[in-house]
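Chemist: Sharing a structure below in structure tokens format, with a few things to ask.
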Amino acid sequence: MKTIFKISRAELRNLFYSPVAWFLVIIFMILCAVFYTDVIYKMAKMQELAEKSSMFKGLGSALTAKIYLDQDGIFKNAMQNLYLFIPLLTMGILSREINTGSIKLLYSAPIKTRDIVLGKYLSLMLFNLILVSVIGIFMVVGLFSVKSVDVGLLLSAALGFYLLVCAYAAIGLFMSSLTTYQIVSAIGTFIIIFILSRIGNLWQEFDFVRDLTYFLSINGRANKMLAGLITSKDVIYFLIVIGMFLGFTLIKLKSGRESGRWFVTAGKYLAVIGIALCIGYFSSRPQMVGYWDTTMAQSNTIHPRVQEIIKGMGDDELEITLYTNLFPRNVQHGLPKNRNIYLSKLWEPYLRFKPDIKFKYEYYYALNKDERNYSKSPDKSIEEKAKDQAKSRDLDLSMFKTPEQMRKIIDLEPEDYNLVMQLKYKGRTTFLRTYNDSRVWPEEQHIAAALARVQGQKMPTVLFTTGNLERDIYVSGERGFYGSTVGKLERTSLINNGFDIDTISLDHRAVPTNYMDVAALVLADPKTKLSPLTIQRINEYIGAGGNMMILGEPGKGEVLRPMLQPLGVQLSSGMLVQVTKNNTPDKVVPHLTKFAGGMAEEDALVMFKKGKINQLQSYSESVLPIEIIDSKNDFIKHPVTITDSGAVWLKKGTLVKDSVPPVFSPNEGDIKLDSFVTTMALTRPIKGKEQRVFVAGDADFLSNRYNGGQFFGRAIYSWLDNNKYPIYGPVEPPKDDEMLIGPDIARTLKIFFVWILPVVLGLLGTIILIRRKRK
């Protein structure tokens, strides 16, 4: 070890007695300083403008990630430009010795070749610590510039950066041993780094080499650490790369000292590669991987609720089959070339807690609805269309099963032959869908619902009444409720979030006697008068403690009165009017109350409840206000959405929407109040539980036109289900969302780090080099 340290110390001395090392450190510091100070100045300026509003509650995003890890941050840019620094650093570390002949002195000394390699590499590791220290300066400055910096995230990112630069250094050391020309060594290092950065995208369509090339890829290996997740397989990967190239260097130097046949040397190289691949293979098996989420909010770990669902599966096998049709637009996500992305991006967080998940894949072709309705070649047979499609994607059609062959395995027509996964557990199956948006893959709450369903857990049922021209859950037009209820390609729909959806005609049958099996009964904008039997069955259901949603529209107050009166509320007559420049006057935009913030754990509502968002709005059309007619009955009334003060009035007469803006007319009976309640929640204790009823003077806000009410619509259904589903994994609002410095200090930091400190380092390096030269 003493010999290794002596060689390392001598090499470091050589590095800092040459201008190269000083030049690299100074340029690296300027690079980091520019990216750090530009971002903090932008953030400080943004906060200064925001603070002029008395309602400033923080910038609303995690500044640690924005400043250090985004595309404009230090770590991303430093890692993207490492290939410019490391080849210059390592190009002469051995080639200089070989070129000057001093390597022979080392060979003739009582020094082992291993000590030479390790000593040289140790000096590079120590120099790399200087680069990490440069970034560390800005990490320390960040502690005083940003409120509640996520220190764990920064330390994880620093570890990833250090391992990556050490891996590059090992590659550079080996390339330096191959040639006496330093420029050739630098170019060779760059080429090897380039190959290892791109090899993960090569031959991913071939089963035999897919895992091998993906494993060898160095690109993105530090990405999990940049996100705050340290995994044993990533750490071991970097150690394998370092060990492999140090082994290559040792073999090369020994072959220069010893005479031997070429195939013996080649065998040694192959042995090192084989050992590295074996270690990498076994260390990357799901059962062998360890995880450490260093982030403050545990943002890389699935929510404890989902962990509990997975734990309920025990050691029994969960099988997941991905069915990929050749025709849908998102077919590329299911193809073999993207399989490793599918496993790592979607399923690795779950493999962490259940490493024995078995994955299967089926490929086929069948015409889905879009292809049948909008085909550009309607005269061609399905086989001809499949050949054209496969050719356009450079795919071998023989890997895809025919529709007849697939029907013998499974009938996917109910899923319209879209990209879909089937989960199988203890003989039970369920589908986990993909979606026609940019994210494609399901999110944590969708996967959690599918895992619960496949275990046989009782899923909540929402019943929609029919028979009186109510809003239809199977209508995809703008007034229907399809998108938010049974839309299979909508990530916000109830069926994709753990609910069972059905319709019921109360004239033909009553709500199931066990009301606990029904999460909620929905009466959505009936157009005709309800029969006495329907009214009786609804009131019996409510009287027995069932949860319900009642949605009205202008002119429907009398239709709904028999159900609303026992609740102590009613819908006013007329229509709310809100005159704005951009919308017709029947469009009303009420804001959510504090009670609404606690209805569910939607991200927006969590932020609103914790004071990170000042106001949330809902979008409505043709709205009736809700009046309390009996405040002393059993139900407690909670306004959920109310109109803005003074901006809305109740129009009693005829509203003309496509003419001049209406005016408030008391003579016509118009009423103007400080605010109107447009939706209301009613609760009461009954039979050992809390009964929940939701009443709205508008049905459009939950329609397809308004995307099912978006987060607010999901929150209502969650509240009616006593917040059992969807299975939210809410992320806590970021604590590091506020700058501690202003633009002036940020500008001063930029001058100091970009100009003054590099100049000081340059002068120091110049003095040391001049004194060394004089000696």
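In the structure tokens, each chain is lettered A, B, ... as it comes, each chain's residues begin at 1, and ligands are numbered from 1 in order of appearance.
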Applying 12 Å and only C-alpha atoms, which residues near Trp347 (chain A) remain after dropping the ones on its own chain fewer than 2 positions away? List them as number ranges by chain.

Modeler: A: 286, 301-302, 320, 339-345, 349-359, 421, 441-444, 447

Chemist: Please provide as a VMD selection string all residues within 7 Å of Tyr364 (chain A), with the sequence filter that same-chain residues fewer than 2 positions apart are discarded (counting only C-alpha atoms).

Modeler: chain A and resid 324 to 326 362 366 400 to 403 406

Chemist: Check the smallest atom-to-atom distance from each of A:Pro661, A:Gly574, A:Gly228, A:Gly58 to Asn300 (chain A) using only C-alpha atoms, then report the winner.

Modeler: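 Smallest separation from Asn300 (chain A) among the options: A:Gly228.
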
Chemist: Using only C-alpha atoms, can you tell me which of A:Gly312, A:Gly742, A:Gly713, A:Pro625 comes closest to Ala596 (chain A)?

Modeler: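 Comparing A:Gly312, A:Gly742, A:Gly713, A:Pro625 against Ala596 (chain A), the winner is A:Gly713.
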
Chemist: Could you list, as a list of chain:residue names, every residue within 12 Å of Trp22 (chain A), counting only C-alpha atoms and ignoring same-chain residues fewer than 4 positions away?

Modeler: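 Returned residues: A:Leu12, A:Arg13, A:Asn14, A:Leu15, A:Phe16, A:Tyr17, A:Ser18, A:Ile26, A:Ile27, A:Phe28, A:Met29, A:Phe85, A:Leu88, A:Leu89, A:Phe127, A:Ile130, A:Leu131, A:Pro758, A:Val759, A:Val760, A:Leu761, A:Gly762, A:Leu763, A:Leu764, A:Gly765, A:Thr766, A:Ile767, A:Ile768, A:Leu769.
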
Chemist: Print the selection's residues with N, CA and C atoms to a file, as a PDB file, in the first residue's frame.

Modeler:
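Wrote part07.pdb, looks like this:
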ATOM      1  N   LEU A  12       0.005  12.915  -8.621  1.00  0.00           N
ATOM      2  CA  LEU A  12      -0.727  14.149  -8.320  1.00  0.00           C
ATOM      3  C   LEU A  12       0.181  15.361  -8.426  1.00  0.00           C
ATOM      4  N   ARG A  13       1.429  15.189  -7.961  1.00  0.00           N
ATOM      5  CA  ARG A  13       2.378  16.292  -8.048  1.00  0.00           C
ATOM      6  C   ARG A  13       2.619  16.655  -9.516  1.00  0.00           C
ATOM      7  N   ASN A  14       2.751  15.629 -10.356  1.00  0.00           N
ATOM      8  CA  ASN A  14       2.948  15.889 -11.784  1.00  0.00           C
ATOM      9  C   ASN A  14       1.749  16.597 -12.399  1.00  0.00           C
ATOM     10  N   LEU A  15       0.546  16.171 -11.958  1.00  0.00           N
ATOM     11  CA  LEU A  15      -0.659  16.787 -12.497  1.00  0.00           C
ATOM     12  C   LEU A  15      -0.712  18.279 -12.191  1.00  0.00           C
ATOM     13  N   PHE A  16      -0.434  18.635 -10.927  1.00  0.00           N
ATOM     14  CA  PHE A  16      -0.576  20.034 -10.531  1.00  0.00           C
ATOM     15  C   PHE A  16       0.685  20.858 -10.789  1.00  0.00           C
ATOM     16  N   TYR A  17       1.715  20.197 -11.305  1.00  0.00           N
ATOM     17  CA  TYR A  17       2.866  20.946 -11.803  1.00  0.00           C
ATOM     18  C   TYR A  17       2.813  21.072 -13.316  1.00  0.00           C
ATOM     19  N   SER A  18       1.639  20.756 -13.883  1.00  0.00           N
ATOM     20  CA  SER A  18       1.402  20.953 -15.312  1.00  0.00           C
ATOM     21  C   SER A  18       0.167  21.826 -15.459  1.00  0.00           C
ATOM     22  N   ILE A  26     -10.276  24.994 -13.443  1.00  0.00           N
ATOM     23  CA  ILE A  26     -10.800  26.349 -13.620  1.00  0.00           C
ATOM     24  C   ILE A  26     -11.976  26.354 -14.594  1.00  0.00           C
ATOM     25  N   ILE A  27     -11.816  25.656 -15.719  1.00  0.00           N
ATOM     26  CA  ILE A  27     -12.909  25.601 -16.700  1.00  0.00           C
ATOM     27  C   ILE A  27     -14.129  24.907 -16.105  1.00  0.00           C
ATOM     28  N   PHE A  28     -13.884  23.825 -15.345  1.00  0.00           N
ATOM     29  CA  PHE A  28     -14.985  23.102 -14.726  1.00  0.00           C
ATOM     30  C   PHE A  28     -15.711  23.992 -13.722  1.00  0.00           C
ATOM     31  N   MET A  29     -14.962  24.783 -12.967  1.00  0.00           N
ATOM     32  CA  MET A  29     -15.580  25.696 -12.008  1.00  0.00           C
ATOM     33  C   MET A  29     -16.425  26.748 -12.719  1.00  0.00           C
ATOM     34  N   PHE A  85     -13.512  16.658 -20.415  1.00  0.00           N
ATOM     35  CA  PHE A  85     -12.496  16.859 -19.390  1.00  0.00           C
ATOM     36  C   PHE A  85     -11.634  15.607 -19.166  1.00  0.00           C
ATOM     37  N   LEU A  88      -8.682  14.627 -21.560  1.00  0.00           N
ATOM     38  CA  LEU A  88      -7.527  15.527 -21.414  1.00  0.00           C
ATOM     39  C   LEU A  88      -6.751  15.223 -20.142  1.00  0.00           C
ATOM     40  N   LEU A  89      -7.462  14.792 -19.110  1.00  0.00           N
ATOM     41  CA  LEU A  89      -6.811  14.491 -17.836  1.00  0.00           C
ATOM     42  C   LEU A  89      -6.004  13.203 -17.910  1.00  0.00           C
ATOM     43  N   PHE A 127      -8.068  13.320  -7.777  1.00  0.00           N
ATOM     44  CA  PHE A 127      -8.349  14.502  -8.606  1.00  0.00           C
ATOM     45  C   PHE A 127      -9.852  14.625  -8.843  1.00  0.00           C
ATOM     46  N   ILE A 130     -11.613  16.459  -6.331  1.00  0.00           N
ATOM     47  CA  ILE A 130     -11.523  17.918  -6.473  1.00  0.00           C
ATOM     48  C   ILE A 130     -12.681  18.422  -7.336  1.00  0.00           C
ATOM     49  N   LEU A 131     -13.000  17.675  -8.413  1.00  0.00           N
ATOM     50  CA  LEU A 131     -14.142  18.070  -9.248  1.00  0.00           C
ATOM     51  C   LEU A 131     -15.438  18.008  -8.456  1.00  0.00           C
ATOM     52  N   PRO A 758     -12.364  32.034 -10.270  1.00  0.00           N
ATOM     53  CA  PRO A 758     -11.503  31.436 -11.296  1.00  0.00           C
ATOM     54  C   PRO A 758     -10.210  32.221 -11.529  1.00  0.00           C
ATOM     55  N   VAL A 759     -10.306  33.547 -11.467  1.00  0.00           N
ATOM     56  CA  VAL A 759      -9.085  34.348 -11.648  1.00  0.00           C
ATOM     57  C   VAL A 759      -8.107  34.092 -10.512  1.00  0.00           C
ATOM     58  N   VAL A 760      -8.617  34.022  -9.289  1.00  0.00           N
ATOM     59  CA  VAL A 760      -7.762  33.733  -8.139  1.00  0.00           C
ATOM     60  C   VAL A 760      -7.093  32.364  -8.297  1.00  0.00           C
ATOM     61  N   LEU A 761      -7.874  31.368  -8.703  1.00  0.00           N
ATOM     62  CA  LEU A 761      -7.300  30.032  -8.918  1.00  0.00           C
ATOM     63  C   LEU A 761      -6.271  30.055 -10.038  1.00  0.00           C
ATOM     64  N   GLY A 762      -6.576  30.815 -11.095  1.00  0.00           N
ATOM     65  CA  GLY A 762      -5.620  30.911 -12.201  1.00  0.00           C
ATOM     66  C   GLY A 762      -4.314  31.534 -11.766  1.00  0.00           C
ATOM     67  N   LEU A 763      -4.395  32.596 -10.940  1.00  0.00           N
ATOM     68  CA  LEU A 763      -3.168  33.231 -10.438  1.00  0.00           C
ATOM     69  C   LEU A 763      -2.387  32.280  -9.537  1.00  0.00           C
ATOM     70  N   LEU A 764      -3.127  31.557  -8.674  1.00  0.00           N
ATOM     71  CA  LEU A 764      -2.467  30.596  -7.793  1.00  0.00           C
ATOM     72  C   LEU A 764      -1.756  29.518  -8.604  1.00  0.00           C
ATOM     73  N   GLY A 765      -2.439  28.976  -9.617  1.00  0.00           N
ATOM     74  CA  GLY A 765      -1.825  27.957 -10.461  1.00  0.00           C
ATOM     75  C   GLY A 765      -0.616  28.497 -11.203  1.00  0.00           C
ATOM     76  N   THR A 766      -0.720  29.738 -11.685  1.00  0.00           N
ATOM     77  CA  THR A 766       0.396  30.340 -12.420  1.00  0.00           C
ATOM     78  C   THR A 766       1.621  30.500 -11.520  1.00  0.00           C
ATOM     79  N   ILE A 767       1.392  30.954 -10.294  1.00  0.00           N
ATOM     80  CA  ILE A 767       2.507  31.124  -9.343  1.00  0.00           C
ATOM     81  C   ILE A 767       3.186  29.779  -9.060  1.00  0.00           C
ATOM     82  N   ILE A 768       2.363  28.748  -8.822  1.00  0.00           N
ATOM     83  CA  ILE A 768       2.925  27.419  -8.519  1.00  0.00           C
ATOM     84  C   ILE A 768       3.718  26.889  -9.711  1.00  0.00           C
ATOM     85  N   LEU A 769       3.188  27.063 -10.922  1.00  0.00           N
ATOM     86  CA  LEU A 769       3.876  26.557 -12.111  1.00  0.00           C
ATOM     87  C   LEU A 769       5.184  27.314 -12.369  1.00  0.00           C
TER      88      LEU A 769
END

Chemist: At a cut-off of 12 Å, using only C-alpha atoms, what residues contact Val34 (chain A)? Leave out same-chain residues fewer than 5 positions from it and give the result as a list of chain:residue names.

Modeler: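 The filter keeps A:Ile27, A:Phe28, A:Met29, A:Val39, A:Ile40, A:Tyr41, A:Ile67, A:Asp72, A:Gly73, A:Ile74, A:Asn77, A:Ala78, A:Ile135, A:Phe138, A:Ala746, A:Arg747, A:Leu749, A:Lys750, A:Ile751, A:Phe752, A:Phe753, A:Val754, A:Trp755, A:Pro758.
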
Chemist: Write out as a ChimeraX atom specification all residues of region 512-690 of chain A that backbone DSSP assigns to helix (DSSP H, G or I).

Modeler: /A:515-517,532-543,557-567,594-597,603-609,666-668

Chemist: Which is closest to Lys252 (chain A) among A:Lys120, A:Lys387, A:Lys268, A:Lys581, if we use only C-alpha atoms?

Modeler: A:Lys268

Chemist: Determine, counting only C-alpha atoms, which protein, DNA and RNA residues have an atom within 7 Å of an atom of region 495-507 of chain A; residues of the same chain fewer than 4 positions away are not included. Present the result as a PyMOL selection string.

Modeler: chain A and resi 445-446+449-450+459-467+485-486+488+491+533-534+537+725-726

Chemist: Could the residues in this selection be written to a file with N, CA and C atoms, as an mmCIF file, in the first residue's frame?

Modeler:
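What landed in result03.cif:
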data_model
loop_
_atom_site.group_PDB
_atom_site.id
_atom_site.type_symbol
_atom_site.label_atom_id
_atom_site.label_comp_id
_atom_site.auth_asym_id
_atom_site.auth_seq_id
_atom_site.Cartn_x
_atom_site.Cartn_y
_atom_site.Cartn_z
ATOM 1 N N GLN A 445 -51.717 4.929 -8.861
ATOM 2 C CA GLN A 445 -53.059 4.641 -8.379
ATOM 3 C C GLN A 445 -53.779 3.633 -9.280
ATOM 4 N N HIS A 446 -53.462 3.627 -10.586
ATOM 5 C CA HIS A 446 -54.059 2.635 -11.485
ATOM 6 C C HIS A 446 -53.505 1.244 -11.194
ATOM 7 N N ALA A 449 -54.917 -0.099 -7.922
ATOM 8 C CA ALA A 449 -56.285 -0.599 -8.071
ATOM 9 C C ALA A 449 -56.303 -1.961 -8.742
ATOM 10 N N ALA A 450 -55.457 -2.144 -9.767
ATOM 11 C CA ALA A 450 -55.404 -3.437 -10.456
ATOM 12 C C ALA A 450 -54.868 -4.525 -9.531
ATOM 13 N N MET A 459 -64.432 -4.276 -4.773
ATOM 14 C CA MET A 459 -64.260 -2.953 -5.345
ATOM 15 C C MET A 459 -65.552 -2.149 -5.183
ATOM 16 N N PRO A 460 -65.461 -0.845 -4.966
ATOM 17 C CA PRO A 460 -66.671 -0.025 -4.787
ATOM 18 C C PRO A 460 -67.468 0.079 -6.089
ATOM 19 N N THR A 461 -68.779 0.060 -5.967
ATOM 20 C CA THR A 461 -69.668 0.160 -7.126
ATOM 21 C C THR A 461 -70.396 1.500 -7.102
ATOM 22 N N VAL A 462 -70.381 2.169 -8.235
ATOM 23 C CA VAL A 462 -71.149 3.405 -8.408
ATOM 24 C C VAL A 462 -72.273 3.113 -9.385
ATOM 25 N N LEU A 463 -73.521 3.315 -8.949
ATOM 26 C CA LEU A 463 -74.698 3.057 -9.776
ATOM 27 C C LEU A 463 -75.260 4.371 -10.305
ATOM 28 N N PHE A 464 -75.490 4.435 -11.618
ATOM 29 C CA PHE A 464 -76.099 5.605 -12.261
ATOM 30 C C PHE A 464 -77.530 5.249 -12.652
ATOM 31 N N THR A 465 -78.479 6.065 -12.206
ATOM 32 C CA THR A 465 -79.881 5.777 -12.493
ATOM 33 C C THR A 465 -80.188 6.026 -13.972
ATOM 34 N N THR A 466 -81.114 5.244 -14.502
ATOM 35 C CA THR A 466 -81.575 5.413 -15.878
ATOM 36 C C THR A 466 -83.097 5.372 -15.894
ATOM 37 N N GLY A 467 -83.660 5.703 -17.050
ATOM 38 C CA GLY A 467 -85.107 5.634 -17.208
ATOM 39 C C GLY A 467 -85.782 6.977 -17.273
ATOM 40 N N THR A 485 -66.172 7.921 -16.395
ATOM 41 C CA THR A 485 -66.746 6.736 -15.754
ATOM 42 C C THR A 485 -66.244 5.436 -16.355
ATOM 43 N N VAL A 486 -66.614 5.144 -17.609
ATOM 44 C CA VAL A 486 -66.285 3.844 -18.201
ATOM 45 C C VAL A 486 -65.302 3.952 -19.364
ATOM 46 N N LYS A 488 -62.259 3.445 -21.183
ATOM 47 C CA LYS A 488 -61.132 2.549 -20.912
ATOM 48 C C LYS A 488 -59.789 3.181 -21.261
ATOM 49 N N ARG A 491 -57.244 7.881 -18.306
ATOM 50 C CA ARG A 491 -56.582 7.555 -17.042
ATOM 51 C C ARG A 491 -57.356 8.086 -15.831
ATOM 52 N N LEU A 533 -92.497 5.359 -7.512
ATOM 53 C CA LEU A 533 -91.710 4.214 -7.072
ATOM 54 C C LEU A 533 -90.220 4.563 -7.037
ATOM 55 N N THR A 534 -89.745 5.269 -8.068
ATOM 56 C CA THR A 534 -88.335 5.673 -8.096
ATOM 57 C C THR A 534 -88.019 6.605 -6.933
ATOM 58 N N ARG A 537 -87.846 4.636 -3.721
ATOM 59 C CA ARG A 537 -86.642 3.816 -3.579
ATOM 60 C C ARG A 537 -85.406 4.675 -3.319
ATOM 61 N N TYR A 725 -61.090 4.547 -2.545
ATOM 62 C CA TYR A 725 -60.586 4.578 -3.925
ATOM 63 C C TYR A 725 -60.882 5.953 -4.500
ATOM 64 N N PRO A 726 -60.035 6.411 -5.432
ATOM 65 C CA PRO A 726 -58.759 5.854 -5.871
ATOM 66 C C PRO A 726 -57.755 5.719 -4.717
#

Chemist: If you take only C-alpha atoms and a cut-off of 6 Å, which residues of region 209-269 of chain A touch region 167-174 of chain A, and what are their nearest atom pairs and distances in Å to one decimal, in chain and number order, as JSON lines?

Modeler:
{"residue": "A:Ile242", "atom": "CA", "partner": "A:Ala167", "partner_atom": "CA", "distance": 5.1}
{"residue": "A:Phe245", "atom": "CA", "partner": "A:Ala170", "partner_atom": "CA", "distance": 5.7}
{"residue": "A:Thr249", "atom": "CA", "partner": "A:Phe174", "partner_atom": "CA", "distance": 4.8}

Chemist: Write a file of the selected residues as a CSV table (one decimal), in the first residue's frame, keeping C-alpha atoms.

Modeler:
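Below you can see result28.csv, which holds the result:
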chain,number,residue,atom,x,y,z
A,242,ILE,CA,-13.8,0.5,-13.1
A,245,PHE,CA,-10.7,-1.4,-17.4
A,249,THR,CA,-4.7,-1.9,-18.1

Chemist: A:Lys45, A:Lys632, A:Arg774, A:Lys735: which is nearest Val146 (chain A), counting only C-alpha atoms?

Modeler: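 Among the listed residues, the smallest separation from Val146 (chain A) belongs to A:Lys735.
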
Chemist: Name the residues of region 308-361 of chain A that fall into strand (DSSP E) according to DSSP on the backbone, using the chain letters and numbers of this document, as a list in words.

Modeler: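 Assigned to strand (DSSP E), within region 308-361 of chain A: Leu318, Glu319, Ile320, Thr321, Leu322, Tyr323, Thr324, Asn325, Lys358, Phe359, Lys360 and Tyr361 of chain A.
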